[in-house]
Amino acid sequence: METESCHVMGILNVTPDSFHKESRRTTVDSAVQAGLKLWRQGATWVDVGGESTRPNAEPVSIEEELKRVVPVIKALRAENSEGLISIDTRRPDVAQAALDAGADLINDVSGLRDPQMVNVVLESGCGVCIMHMQGTPETMQKQPTYDDCAKEVSSQLLETARALVTAGHPAECIILDPGIGFGKTYEHNLELLQRHELFRGKEGFAVLWGVSRKSFIGQLTGHSDPSERLAGTLAIASMAHYEHIDIVRVHDVQEHMDLFKVLNIVD
């Protein structure tokens with residue numbers, strides 16, 4: 001990465017139903033071309049996902065998810081042997097197949113709830129992003145409740161991360177994501193961004209923010225259409241820069257790279 005700011009994870013949705021229409025790719029060729037473009041624009045990771053986890057999303061079969069992501073990962077790896085690839089999945093079988101195809105990191109929105117996913121991480125030694133989600137995509141926005149959101153979310157993530165470290169996984173290979181919009185209200189999301197220091201722990205775990213074009217940005221700006229939420233997304237990225245967040249997961253890599261280049265010059 002050329003800048004000294006956040007690393008950028010570029011979103012590659014190999015799905016027909018992700019919430020941001022412009023991010024959807026439904027053929028292997030179109031997905032591969034989009035992924036290569038994300039790398040050219042400056043993304044550190046290309047994050048490949050074959051199942052939408054937007055609120056109220058219907059799960060897809062394992063077979064369908066594998067069919068969507070594995071050929072794309074294989075093709076991306078064939079085109080670029082050095083670029084980093086992450087697999088956005090909740091399923092251990094998909095994660096393992098993705099690693100076998102050339103992925104470097106597992107991005108699990110369910111926070112390693114499945115013990116088999118923990119086994120995949122430990123046996124492979126791969127990078128892992130552990131995200132917090134209350135409930136499931138089908139239920140997560142039905143009255144999410146916490147007594148102390150930031151404390152509860154950070155405690156759960158740190159407990160999971162520390163269990164990996166105790167089992168021998170390197171702390172530097174672990175990323176924690178508070179899960180903005182995944183079983184949280186508007187107020188919860190604000191609190192998680194404002195109290196991000198809770199997530200590093202004494203180990204200094206890396207922190208990722210995934211806020212790009214989400215409904216939380218729409219609530220802040222008044223824009224109901226995800227296509228109108230880029231400016232608000234970039235505002236959160238500016239905060240990430242100044243708060244020394246390690247990674248931002250975004251749809252719009254070029255715009256974020258431009259933002260960080262300017263901030264690194266004028267900062």
# chains A, B, ... in the order shown; residues from 1 in each chain; ligands from 1
$ residues_around --residues "Ile106 (chain A)" --least-positions-apart "5" --cutoff "9 Å" --atoms "only C-alpha atoms" --output "PDB file with C-alpha atoms, in the first residue's frame"
ATOM      1  CA  ILE A  85      -7.641 -12.559  -1.069  1.00  0.00           C
ATOM      2  CA  SER A  86     -10.160 -12.929   1.737  1.00  0.00           C
ATOM      3  CA  ILE A  87     -13.223 -15.161   1.738  1.00  0.00           C
ATOM      4  CA  ASP A  88     -16.375 -13.677   3.258  1.00  0.00           C
ATOM      5  CA  THR A  89     -18.248 -16.711   4.583  1.00  0.00           C
ATOM      6  CA  ALA A  95     -13.721 -21.307   3.970  1.00  0.00           C
ATOM      7  CA  ALA A  98     -11.489 -20.968  -0.580  1.00  0.00           C
ATOM      8  CA  LEU A  99      -8.144 -21.421   1.195  1.00  0.00           C
ATOM      9  CA  VAL A 121      -8.369 -21.285  11.131  1.00  0.00           C
ATOM     10  CA  CYS A 126      -4.512 -18.284   7.954  1.00  0.00           C
ATOM     11  CA  GLY A 127      -5.449 -14.716   8.700  1.00  0.00           C
ATOM     12  CA  VAL A 128      -8.906 -14.294  10.207  1.00  0.00           C
ATOM     13  CA  CYS A 129     -11.320 -11.407  10.652  1.00  0.00           C
ATOM     14  CA  ILE A 130     -13.743 -12.062  13.513  1.00  0.00           C
TER      15      ILE A 130
END
$ residues_around --residues "Ala240 (chain A)" --least-positions-apart "5" --cutoff "12 Å" --atoms "only C-alpha atoms" --output "ChimeraX atom specification"
/A:5-8,193-194,196-197,207-211,233-235,245-249,256,259-260,263
$ atom_distance --atom1 "CA of Val165 (chain A)" --atom2 "CA of Tyr146 (chain A)"
27.0 Å
$ select_by_dssp --residues "region 13-141 of chain A" --states "helix (DSSP H, G or I)" --output "VMD selection string"
chain A and resid 21 to 23 28 to 41 62 to 79 92 to 101 115 to 124
$ closest_residue --among "A:Val28, A:Ile11, A:Ala57, A:Val46" --to "Val69 (chain A)" --atoms "only C-alpha atoms"
A:Val28
$ residues_around --residues "Met257 (chain A)" --least-positions-apart "4" --cutoff "8 Å" --atoms "only C-alpha atoms" --output "compact mmCIF listing (two decimals) with N, CA, C and O atoms, in the first residue's frame"
# COMPACT_ATOMS: atom_id res chain seq x y z
N THR A 3 0.02 4.45 0.77
CA THR A 3 -0.22 5.44 1.81
C THR A 3 0.18 4.89 3.16
O THR A 3 0.48 3.72 3.33
N VAL A 8 -6.99 -0.94 2.79
CA VAL A 8 -8.31 -0.99 2.18
C VAL A 8 -8.61 -2.42 1.74
O VAL A 8 -7.82 -3.05 1.04
N GLN A 41 -6.47 -0.53 -8.18
CA GLN A 41 -6.80 0.74 -7.53
C GLN A 41 -6.11 0.91 -6.19
O GLN A 41 -6.07 2.02 -5.66
N GLY A 42 -5.59 -0.17 -5.62
CA GLY A 42 -4.84 -0.06 -4.37
C GLY A 42 -5.33 -0.89 -3.22
O GLY A 42 -4.80 -0.76 -2.10
N VAL A 253 -12.90 1.55 -3.84
CA VAL A 253 -11.49 1.55 -3.47
C VAL A 253 -10.79 2.81 -3.95
O VAL A 253 -10.04 3.45 -3.20
N LYS A 261 -4.56 9.38 0.45
CA LYS A 261 -3.38 10.06 -0.08
C LYS A 261 -3.38 11.53 0.28
O LYS A 261 -2.35 12.10 0.70
$ residues_around --residues "Leu38 (chain A)" --least-positions-apart "5" --cutoff "12 Å" --atoms "only C-alpha atoms" --output "ChimeraX atom specification"
/A:8-12,23,31-33,43-48,76,83-85,249-257
$ atom_distance --atom1 "CA of Leu36 (chain A)" --atom2 "CA of Leu230 (chain A)"
21.5 Å
$ select_by_dssp --residues "region 13-119 of chain A" --states "strand (DSSP E or B)" --output "NGL selection string"
:A and (13 or 24 or 45-49 or 84-88 or 105-108)
$ residues_around --residues "Pro144 (chain A)" --least-positions-apart "5" --cutoff "9 Å" --atoms "only C-alpha atoms" --output "PyMOL selection string"
chain A and resi 134-135+183-185
$ closest_residue --among "A:Gly50, A:Gly201, A:Gly111, A:Gly218" --to "Lys151 (chain A)" --atoms "only C-alpha atoms"
A:Gly201
$ closest_residue --among "A:Glu172, A:Glu64, A:Glu152, A:Glu58" --to "Leu192 (chain A)" --atoms "only C-alpha atoms"
A:Glu152
